[in-house]
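Source file: data.cif. Holds: mmCIF, C-alpha atoms.
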```
data_entry
#
loop_
_atom_site.label_atom_id
_atom_site.label_comp_id
_atom_site.auth_asym_id
_atom_site.auth_seq_id
_atom_site.Cartn_x
_atom_site.Cartn_y
_atom_site.Cartn_z
CA MET A 1 -15.25 -70.62 125.71
CA PRO A 2 -17.22 -69.46 122.72
CA ASP A 3 -20.05 -67.95 124.72
CA ALA A 4 -17.89 -66.19 127.20
CA VAL A 5 -17.57 -62.45 126.68
CA LYS A 6 -14.08 -61.35 127.31
CA ALA A 7 -13.97 -58.14 129.31
CA ARG A 8 -12.29 -55.28 127.45
CA LYS A 9 -9.05 -54.31 129.01
CA PRO A 10 -9.12 -50.63 129.93
CA ALA A 11 -6.69 -48.55 127.91
CA LYS A 12 -3.96 -46.91 129.85
CA PHE A 13 -1.59 -44.11 129.10
CA SER A 14 1.35 -46.48 128.83
CA GLY A 15 5.03 -45.78 129.02
CA ARG A 16 5.32 -46.00 125.26
CA ALA A 17 2.56 -43.41 124.89
CA LYS A 18 4.33 -41.14 127.36
CA ALA A 19 7.59 -41.44 125.46
CA LEU A 20 5.80 -40.72 122.20
CA THR A 21 4.09 -37.69 123.71
CA THR A 22 7.38 -36.32 124.97
CA ALA A 23 8.98 -36.95 121.60
CA THR A 24 6.23 -35.03 119.90
CA ALA A 25 6.56 -32.19 122.40
CA VAL A 26 10.33 -31.96 121.92
CA THR A 27 9.90 -32.09 118.16
CA ALA A 28 7.41 -29.27 118.40
CA LEU A 29 9.80 -27.33 120.64
CA ILE A 30 12.68 -27.58 118.16
CA GLY A 31 10.31 -26.87 115.29
CA GLY A 32 9.01 -23.82 117.12
CA TRP A 33 12.54 -22.68 117.79
CA SER A 34 13.32 -22.88 114.09
CA TRP A 35 10.03 -21.18 113.20
CA ILE A 36 10.76 -18.27 115.53
CA GLY A 37 14.25 -18.02 114.05
CA HIS A 38 12.79 -17.80 110.55
CA ILE A 39 10.31 -15.14 111.69
CA GLU A 40 13.07 -13.06 113.24
CA GLU A 41 15.21 -13.41 110.13
CA ALA A 42 12.31 -12.24 107.97
CA LYS A 43 11.78 -9.28 110.30
CA ALA A 44 15.46 -8.37 110.12
CA LYS A 45 15.40 -8.54 106.32
CA ALA A 46 12.28 -6.37 106.18
CA ALA A 47 13.82 -3.81 108.51
CA SER A 48 17.13 -3.58 106.67
CA PRO A 49 17.45 -0.44 104.46
CA GLN A 50 18.59 -2.36 101.41
CA PRO A 51 16.78 -5.65 101.46
CA THR A 52 18.61 -8.35 99.63
CA THR A 53 16.11 -10.16 97.53
CA THR A 54 17.11 -13.42 96.02
CA VAL A 55 15.84 -13.80 92.51
CA SER A 56 15.68 -17.34 91.34
CA VAL A 57 16.71 -17.58 87.75
CA PRO A 58 15.12 -20.51 85.96
CA ARG A 59 17.55 -22.86 84.41
CA ARG A 60 17.18 -22.84 80.65
CA ALA A 61 19.35 -23.12 77.61
CA ILE A 62 20.42 -19.67 76.45
CA ALA A 63 21.20 -19.36 72.74
CA LEU A 64 24.39 -17.39 72.59
CA PRO A 65 25.35 -15.71 69.28
CA THR A 66 28.22 -17.29 67.39
CA LEU A 67 31.20 -15.03 67.16
CA HIS A 68 32.93 -14.74 63.79
CA PRO A 69 36.64 -15.46 63.79
CA LEU A 70 38.74 -12.37 64.00
CA ASN A 71 40.98 -11.56 61.02
CA ILE A 72 43.98 -9.69 62.21
CA ALA A 73 45.94 -8.01 59.50
CA PRO A 74 49.67 -8.76 59.56
CA ILE A 75 51.69 -6.04 61.18
CA ALA A 76 54.62 -4.80 59.17
CA THR A 77 57.94 -5.70 60.60
CA LEU A 78 59.93 -2.68 61.60
CA VAL A 79 63.36 -2.42 60.07
CA PRO A 80 65.95 -1.13 62.50
CA GLU A 81 67.64 1.99 61.27
CA ARG A 82 71.35 2.05 61.75
CA ASP A 83 72.35 5.62 62.44
CA LEU A 84 75.42 5.23 64.45
CA PRO A 85 78.34 7.64 64.02
CA PHE A 86 80.81 4.83 64.22
CA ASP A 87 81.03 1.37 63.02
CA ILE A 88 81.45 -1.28 65.66
CA ALA A 89 80.66 -4.91 65.79
CA VAL A 90 79.68 -6.74 68.94
CA THR A 91 80.52 -10.38 69.07
CA ASP A 92 79.99 -12.99 71.71
CA GLY A 93 81.12 -11.99 75.15
CA ASN A 94 80.41 -8.34 74.43
CA ALA A 95 83.82 -7.92 73.01
CA VAL A 96 83.98 -4.94 70.80
CA THR A 97 85.82 -5.50 67.64
CA GLY A 98 86.55 -3.03 65.06
CA SER A 99 89.08 -0.29 65.06
CA SER A 100 87.31 2.51 63.37
CA VAL A 101 85.90 3.95 66.58
CA THR A 102 86.60 7.66 66.73
CA LEU A 103 85.71 9.25 69.99
CA GLN A 104 85.15 12.96 70.14
CA PRO A 105 87.52 14.78 72.56
CA ILE A 106 85.94 15.72 75.82
CA PRO A 107 85.92 19.49 76.30
CA ALA A 108 88.30 20.68 79.01
CA LEU A 109 86.94 22.38 82.09
CA ALA A 110 87.58 26.07 82.54
CA ALA A 111 90.29 27.05 85.06
CA LEU A 112 89.05 27.83 88.55
CA PRO A 113 89.58 31.42 89.77
CA THR A 114 92.32 31.97 92.32
CA LEU A 115 91.15 33.20 95.69
CA ALA A 116 92.63 36.39 97.13
CA PRO A 117 95.05 36.01 100.12
CA LEU A 118 93.50 36.16 103.52
CA PRO A 119 94.01 39.46 105.49
CA ALA A 120 96.68 39.46 108.17
CA LEU A 121 95.55 38.75 111.71
CA PRO A 122 95.98 41.63 114.26
CA VAL A 123 98.87 41.30 116.63
CA MET A 124 97.77 40.34 120.11
CA PRO A 125 99.17 42.47 123.05
CA ASP A 126 101.78 40.93 125.30
CA ILE A 127 100.59 39.16 128.36
CA PRO A 128 101.44 41.24 131.50
CA PRO A 129 103.82 39.63 133.95
CA PRO A 130 102.29 38.18 137.13
CA VAL A 131 102.22 40.52 140.19
CA ILE A 132 104.15 39.17 143.16
CA ASP A 133 102.56 40.18 146.54
CA SER A 134 105.36 40.96 148.98
CA GLY A 135 103.20 42.71 151.73
CA SER A 136 102.07 41.70 155.35
CA GLY A 137 99.29 39.56 154.15
CA GLN A 138 96.41 41.81 155.38
CA GLY A 139 93.57 41.82 153.01
CA GLY A 140 94.89 38.68 151.52
CA GLY A 141 92.89 35.84 150.37
CA SER A 142 91.58 37.58 147.31
CA ASN A 143 91.89 35.68 144.13
CA SER A 144 90.82 38.53 141.92
CA GLY A 145 94.32 39.57 141.16
CA ASP A 146 93.41 43.18 142.00
CA SER A 147 95.97 43.54 144.71
CA THR A 148 95.72 47.32 144.77
CA SER A 149 92.10 47.53 145.91
CA ALA A 150 92.61 44.73 148.39
CA SER A 151 95.47 46.43 150.08
CA SER A 152 93.69 49.82 150.17
CA GLY A 153 90.68 48.26 151.90
CA SER A 154 92.80 46.86 154.58
CA GLN A 155 94.49 50.15 155.01
CA SER A 156 91.29 52.13 155.49
CA SER A 157 89.95 49.77 158.13
CA GLY A 158 93.23 49.91 159.91
CA GLY A 159 93.32 53.76 159.83
CA SER A 160 89.98 54.30 161.60
CA MET B 1 5.80 -40.28 149.15
CA THR B 2 5.18 -44.04 149.12
CA THR B 3 7.30 -46.54 147.24
CA GLN B 4 4.59 -47.02 144.65
CA THR B 5 4.14 -43.33 143.87
CA ARG B 6 7.92 -42.89 143.76
CA THR B 7 8.14 -45.70 141.23
CA ILE B 8 5.39 -44.13 139.11
CA PHE B 9 7.07 -40.73 139.21
CA ARG B 10 10.44 -42.24 138.24
CA ALA B 11 8.83 -44.12 135.38
CA ASN B 12 7.27 -40.89 134.15
CA LEU B 13 10.64 -39.18 134.15
CA ILE B 14 12.27 -42.07 132.27
CA HIS B 15 9.56 -41.96 129.64
CA ALA B 16 10.00 -38.22 129.31
CA VAL B 17 13.76 -38.59 128.74
CA VAL B 18 13.24 -41.37 126.20
CA GLY B 19 10.66 -39.22 124.44
CA ALA B 20 12.99 -36.22 124.38
CA LEU B 21 15.71 -38.30 122.73
CA ALA B 22 13.22 -39.70 120.25
CA GLY B 23 12.02 -36.19 119.47
CA THR B 24 15.54 -35.07 118.69
CA VAL B 25 15.99 -38.07 116.39
CA ILE B 26 12.71 -37.20 114.66
CA VAL B 27 13.85 -33.64 114.10
CA VAL B 28 17.15 -34.78 112.58
CA ALA B 29 15.36 -37.31 110.37
CA VAL B 30 12.78 -34.79 109.17
CA GLY B 31 15.50 -32.26 108.53
CA THR B 32 17.37 -34.78 106.45
CA LEU B 33 14.30 -35.57 104.40
CA LEU B 34 13.48 -31.90 103.90
CA SER B 35 16.97 -31.21 102.71
CA ALA B 36 16.70 -33.62 99.82
CA ASP B 37 14.65 -32.95 96.75
CA ALA B 38 11.89 -35.26 95.66
CA ALA B 39 13.91 -36.94 92.96
CA THR B 40 16.70 -37.81 95.35
CA VAL B 41 14.29 -39.18 97.93
CA SER B 42 12.41 -41.31 95.42
CA LYS B 43 15.64 -42.68 94.10
CA SER B 44 17.02 -43.20 97.57
CA ALA B 45 14.01 -45.29 98.41
CA ALA B 46 14.77 -47.57 95.55
CA ALA B 47 17.51 -50.08 95.45
CA THR B 48 19.22 -48.18 92.70
CA LEU B 49 20.79 -45.80 95.14
CA THR B 50 24.23 -44.93 93.98
CA ALA B 51 27.17 -43.34 95.65
CA GLY B 52 26.46 -40.14 93.73
CA HIS B 53 22.98 -39.87 95.18
CA LEU B 54 24.28 -40.53 98.66
CA SER B 55 26.88 -37.86 98.25
CA GLN B 56 24.28 -35.41 96.96
CA LEU B 57 21.97 -36.24 99.85
CA TYR B 58 24.79 -35.78 102.33
CA ASN B 59 25.78 -32.43 100.84
CA ARG B 60 22.23 -31.15 100.87
CA THR B 61 21.81 -32.28 104.47
CA VAL B 62 24.95 -30.46 105.53
CA ILE B 63 23.87 -27.28 103.75
CA PHE B 64 20.37 -27.51 105.22
CA ALA B 65 21.73 -28.10 108.72
CA ALA B 66 24.15 -25.18 108.41
CA ASP B 67 21.36 -22.86 107.22
CA GLU B 68 19.04 -23.98 110.00
CA MET B 69 21.74 -23.57 112.64
CA HIS B 70 22.36 -20.04 111.43
CA VAL B 71 18.65 -19.18 111.51
CA MET B 72 18.25 -20.73 114.96
CA GLY B 73 21.06 -18.59 116.33
CA LEU B 74 23.67 -21.30 116.63
CA PRO B 75 26.50 -21.64 117.51
CA LEU B 76 26.21 -20.11 120.94
CA ASP B 77 28.13 -16.93 121.60
CA ARG B 78 27.65 -13.68 123.48
CA VAL B 79 25.33 -12.13 120.92
CA SER B 80 23.52 -15.32 120.02
CA GLN B 81 19.72 -15.16 120.05
CA THR B 82 19.41 -18.89 120.70
CA TYR B 83 18.43 -18.44 124.34
CA TRP B 84 15.72 -15.99 123.44
CA PHE B 85 14.32 -18.23 120.69
CA VAL B 86 14.33 -21.35 122.90
CA ALA B 87 12.71 -19.42 125.74
CA ARG B 88 9.90 -18.30 123.48
CA ALA B 89 9.35 -21.73 121.96
CA GLY B 90 9.54 -23.38 125.39
CA GLY B 91 7.05 -20.93 126.86
CA ILE B 92 4.50 -21.55 124.13
CA GLY B 93 5.05 -25.30 124.42
CA ALA B 94 4.59 -25.22 128.20
CA TYR B 95 1.41 -23.21 127.85
CA LEU B 96 -0.07 -25.63 125.31
CA LEU B 97 0.77 -28.64 127.48
CA LEU B 98 -0.80 -26.94 130.47
CA TRP B 99 -3.87 -26.22 128.39
CA VAL B 100 -4.21 -29.89 127.43
CA ALA B 101 -3.75 -30.94 131.05
CA THR B 102 -6.35 -28.46 132.32
CA LEU B 103 -8.83 -29.37 129.63
CA LEU B 104 -8.43 -33.07 130.36
CA GLY B 105 -9.01 -32.42 134.05
CA LEU B 106 -12.20 -30.51 133.38
CA MET B 107 -13.39 -33.18 130.96
CA THR B 108 -12.73 -35.88 133.52
CA SER B 109 -14.57 -34.14 136.33
CA SER B 110 -17.53 -33.24 134.14
CA LYS B 111 -17.58 -36.74 132.64
CA MET B 112 -17.69 -35.17 129.22
CA LEU B 113 -15.88 -38.06 127.62
CA LYS B 114 -17.61 -40.81 129.57
CA GLY B 115 -18.40 -43.70 127.31
CA HIS B 116 -16.14 -42.36 124.54
CA VAL B 117 -12.67 -42.67 125.99
CA ASP B 118 -11.41 -44.87 128.79
CA ALA B 119 -11.21 -43.02 132.06
CA ALA B 120 -7.86 -44.61 132.87
CA LEU B 121 -6.36 -43.18 129.69
CA ILE B 122 -7.67 -39.70 130.45
CA VAL B 123 -6.44 -39.85 134.03
CA GLY B 124 -3.01 -41.05 132.87
CA MET B 125 -2.74 -38.21 130.39
CA HIS B 126 -4.01 -35.73 132.98
CA GLU B 127 -1.27 -36.94 135.30
CA PHE B 128 1.56 -36.84 132.75
CA PHE B 129 0.88 -33.63 130.82
CA PRO B 130 1.38 -31.27 133.79
CA ILE B 131 4.78 -32.86 134.43
CA LEU B 132 5.78 -32.22 130.84
CA ALA B 133 4.36 -28.69 131.01
CA THR B 134 6.37 -27.95 134.15
CA VAL B 135 9.56 -29.29 132.55
CA PHE B 136 8.99 -27.04 129.55
CA ALA B 137 8.23 -24.08 131.81
CA GLY B 138 11.45 -24.76 133.73
CA LEU B 139 13.37 -24.82 130.46
CA HIS B 140 11.63 -21.61 129.41
CA ALA B 141 12.86 -19.89 132.57
CA ALA B 142 16.31 -21.48 132.73
CA VAL B 143 17.40 -20.50 129.23
CA LEU B 144 16.48 -16.89 129.95
CA LEU B 145 19.51 -16.81 132.23
CA GLY B 146 21.69 -17.06 129.14
CA ASP B 147 19.97 -14.23 127.33
CA THR B 148 21.84 -10.94 127.55
CA TYR B 149 19.21 -8.65 126.02
CA ILE B 150 16.94 -8.32 129.06
CA GLY B 151 19.51 -9.71 131.46
CA PHE B 152 17.40 -11.75 133.85
CA GLY B 153 19.17 -12.77 137.03
CA LEU B 154 18.50 -15.92 139.01
CA ALA B 155 16.63 -13.95 141.66
CA ASP B 156 14.46 -12.33 138.98
CA LEU B 157 13.36 -15.76 137.83
CA ILE B 158 12.88 -17.28 141.27
CA VAL B 159 11.19 -14.45 143.16
CA PRO B 160 7.88 -13.37 141.64
CA PHE B 161 7.28 -9.67 140.83
CA ARG B 162 10.94 -8.82 141.43
CA THR B 163 12.21 -8.27 137.91
CA SER B 164 12.20 -4.84 136.32
CA TYR B 165 10.91 -6.26 133.02
CA LEU B 166 7.07 -6.23 133.16
CA PRO B 167 7.11 -7.30 136.82
CA LEU B 168 3.38 -7.98 137.16
CA TRP B 169 3.03 -10.22 134.10
CA THR B 170 6.36 -11.94 134.60
CA GLY B 171 5.48 -12.56 138.25
CA MET B 172 2.23 -14.18 137.14
CA GLY B 173 4.18 -16.67 135.07
CA ILE B 174 6.48 -17.52 137.97
CA THR B 175 3.50 -17.96 140.29
CA ALA B 176 1.84 -20.25 137.75
CA PHE B 177 5.00 -22.36 137.64
CA TYR B 178 5.08 -22.73 141.43
CA LEU B 179 1.40 -23.61 141.47
CA GLY B 180 2.03 -26.25 138.83
CA VAL B 181 4.82 -27.81 140.87
CA ALA B 182 2.63 -27.80 143.97
CA LEU B 183 -0.28 -29.38 142.09
CA ILE B 184 1.94 -32.17 140.79
CA ALA B 185 3.32 -32.77 144.26
CA SER B 186 -0.17 -32.82 145.73
CA PHE B 187 -1.15 -35.56 143.31
CA TYR B 188 1.53 -37.84 144.69
CA LEU B 189 0.84 -36.79 148.29
CA ARG B 190 -2.88 -37.32 147.96
CA SER B 191 -3.01 -40.11 150.50
CA ARG B 192 -1.21 -37.99 153.08
CA ILE B 193 -3.05 -34.70 152.73
CA GLY B 194 -6.44 -36.33 152.35
CA ARG B 195 -8.73 -36.50 149.37
CA LYS B 196 -10.87 -33.55 150.45
CA THR B 197 -7.89 -31.21 150.87
CA TRP B 198 -6.38 -32.42 147.63
CA ARG B 199 -9.63 -31.80 145.75
CA ALA B 200 -9.95 -28.30 147.18
CA PHE B 201 -6.37 -27.48 146.29
CA HIS B 202 -6.80 -28.98 142.83
CA TYR B 203 -9.14 -26.14 141.88
CA THR B 204 -6.11 -23.82 141.89
CA ALA B 205 -5.15 -25.51 138.62
CA LEU B 206 -7.64 -23.16 136.96
CA LEU B 207 -5.89 -20.24 138.59
CA ALA B 208 -2.52 -21.54 137.34
CA PHE B 209 -3.87 -21.76 133.82
CA GLY B 210 -5.30 -18.25 134.02
CA LEU B 211 -1.99 -16.85 135.26
CA ALA B 212 -0.10 -18.65 132.51
CA LEU B 213 -2.51 -17.32 129.90
CA MET B 214 -2.12 -13.73 131.10
CA HIS B 215 1.66 -14.16 131.29
CA GLY B 216 1.79 -15.40 127.72
CA LEU B 217 -0.55 -12.73 126.39
CA MET B 218 1.14 -9.79 128.07
CA THR B 219 4.82 -10.72 127.96
CA GLY B 220 5.02 -12.99 124.95
CA SER B 221 7.04 -11.57 122.09
CA ASP B 222 4.99 -13.60 119.63
CA THR B 223 1.57 -12.40 120.76
CA ALA B 224 1.67 -9.87 117.96
CA LEU B 225 1.59 -12.73 115.47
CA PRO B 226 -2.00 -13.50 114.45
CA ALA B 227 -1.48 -17.27 114.75
CA ILE B 228 -0.26 -17.01 118.33
CA ARG B 229 -2.88 -14.45 119.33
CA TRP B 230 -5.66 -16.67 118.01
CA MET B 231 -4.09 -19.65 119.72
CA TYR B 232 -4.38 -17.86 123.08
CA ILE B 233 -7.96 -16.83 122.34
CA ALA B 234 -8.98 -20.33 121.24
CA THR B 235 -7.37 -22.12 124.17
CA GLY B 236 -8.82 -19.66 126.66
CA ALA B 237 -12.26 -20.04 125.11
CA THR B 238 -12.16 -23.86 125.29
CA ILE B 239 -11.28 -23.73 128.98
CA LEU B 240 -14.10 -21.26 129.63
CA PHE B 241 -16.48 -23.55 127.80
CA ALA B 242 -15.25 -26.58 129.77
CA ILE B 243 -15.77 -24.70 133.06
CA TYR B 244 -19.25 -23.70 131.97
CA TYR B 245 -20.03 -27.29 131.01
CA ARG B 246 -18.59 -28.57 134.28
CA VAL B 247 -20.67 -26.20 136.38
CA PHE B 248 -23.96 -26.73 134.58
CA SER B 249 -23.56 -30.47 133.96
CA LEU B 250 -23.39 -31.06 137.72
CA GLN B 251 -26.53 -29.07 138.55
CA PRO B 252 -29.11 -31.53 137.13
CA LYS B 253 -27.37 -34.41 138.89
CA ARG B 254 -27.44 -32.56 142.19
CA ALA B 255 -31.08 -31.64 141.70
CA HIS B 256 -31.85 -35.25 140.83
CA ALA B 257 -30.02 -36.46 143.93
CA SER B 258 -31.87 -34.02 146.20
CA GLU B 259 -35.18 -35.06 144.67
CA LYS B 260 -34.36 -38.70 145.35
CA LEU B 261 -33.34 -37.83 148.90
CA ALA B 262 -36.58 -35.93 149.48
CA ALA B 263 -38.63 -38.80 148.05
CA SER B 264 -36.95 -41.34 150.28
CA THR B 265 -37.47 -39.07 153.29
CA ILE B 266 -41.16 -38.85 152.52
CA ALA B 267 -41.36 -42.61 152.12
CA LEU B 268 -39.71 -43.18 155.43
CA THR B 269 -41.91 -40.71 157.28
CA PRO B 270 -44.51 -42.64 159.33
CA GLN B 271 -48.01 -42.02 158.11
CA GLU B 272 -50.55 -40.69 160.56
#
```
Can you present the structure in this file as structure tokens?
Amino acid sequence: MPDAVKARKPAKFSGRAKALTTATAVTALIGGWSWIGHIEEAKAKAASPQPTTTVSVPRRAIALPTLHPLNIAPIATLVPERDLPFDIAVTDGNAVTGSSVTLQPIPALAALPTLAPLPALPVMPDIPPPVIDSGSGQGGGSNSGDSTSASSGSQSSGGS
Amino acid sequence: MTTQTRTIFRANLIHAVVGALAGTVIVVAVGTLLSADAATVSKSAAATLTAGHLSQLYNRTVIFAADEMHVMGLPLDRVSQTYWFVARAGGIGAYLLLWVATLLGLMTSSKMLKGHVDAALIVGMHEFFPILATVFAGLHAAVLLGDTYIGFGLADLIVPFRTSYLPLWTGMGITAFYLGVALIASFYLRSRIGRKTWRAFHYTALLAFGLALMHGLMTGSDTALPAIRWMYIATGATILFAIYYRVFSLQPKRAHASEKLAASTIALTPQE
């Protein structure tokens, strides 16, 4: 049909277009989320008292000076000085050989003073013999041992 | 809801889910590309890609992802700002989608794009964008539940003008969300409620947009940014212009129709 004019199919908002629109919207949402995060981070950095600024150092070859080799003068070896009052020789196993060791005598300690004798203790008085109560038993029951006052009390009450 | 409208609504949801997954894949892919330097990318495109380049690309991707996660407030913990960031991004996204949907509606009714773009395409976009805007607005509100700074409760987000945080402006946003849901539902219930009722109710879409604009301007944390402030001004201005065009583009047609009616009345009047 060469002469026939084909009617144009009306465009529709198809399912694919809807999915693409949603994808774009979600992408924008996540992008916006990240953008807001970056803005807040920048605000926090600006508000901090000591802002930490990152300085980017360009990478380049730095010519470092060549160090000359150090010449250390030889240190003189110290010779041990033998100034011992006796002549001993130590062999393997720490065994001391040699008989010319002369030890100085250790000074004796002074004698300790003798303490004076302790004073004599005073003689304690004799313990009185126990009193045997041979009365009627009035005014008894006292454990004080003062039998005299107990018996007089009973006598006075009995006399009135 | 009839079987046909239910099928259309289900298809819209499926496409939205597929798109969301695709969007996530796009973000990961773009992040991977951004993490690599130009030399690595140009070499990776060639067949001379070596294991060393792959390793370098992988390392850079991991470092980039770790940096981005840190900036975006991840991983989630008690003091994480992730919820707050997602709420802000979701709110701006929802507003922009609502703006596109409102603008398309005004352009359709005023026949501004007649002859330039297929009406079926415009109507399809005008049907789908509000759904996406409402999903974004729902996300914007839902993630605020996880934010501990303001401490929104479920009732604060459901009941308008209840919250203690800027109750008037926050309540406007909640009302706009409910209006959006009702408008979407009315589209699918058009045959039941009648075309006249649906058309009358559809004018509240302008109110929903106005409420969303005021909500974004007055409560948005990013309104202080010049880019966002100008975005609100520009979007509001385009809607005002579209309303103006809509109102005044219909007047000549109405006048023309009344003239035709008067002429036909005169013609039909029997001559003396």
Expand the PyMOL selection byres ((chain A) within 12 of (chain B)) into the explicit residue set it covers here, and present it as a PyMOL selection string.
chain A and resi 8-44
Which distance in Å separates CA of Gly151 in chain B and CA of Trp169 in chain B, to one decimal?
16.7 Å
Selected by the PyMOL selection byres ((chain B and resi 181) around 12) in the shown coordinates: which residues, as a list in words?
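Here the PyMOL selection byres ((chain B and resi 181) around 12) matches Leu98, Pro130, Ile131, Leu132, Ala133, Thr134, Val135, Ala137, Gly138, Ile174, Thr175, Ala176, Phe177, Tyr178, Leu179, Gly180, Ala182, Leu183, Ile184, Ala185, Ser186, Phe187, Tyr188, His202, Thr204, Ala205 and Ala208 of chain B.
In this structure, CA of Ala234 in chain B sits 18.1 Å away from CA of Thr219 in chain B.
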Quick check, in Å to one decimal: how far apart do CA of Tyr232 in chain B and CA of Leu211 in chain B lie?
12.5 Å
Can you spell out as a PyMOL selection string the set of residues that the PyMOL selection byres ((chain B and resi 146) around 12) selects in the structure I just provided?
chain B and resi 76-87+139-145+147-154
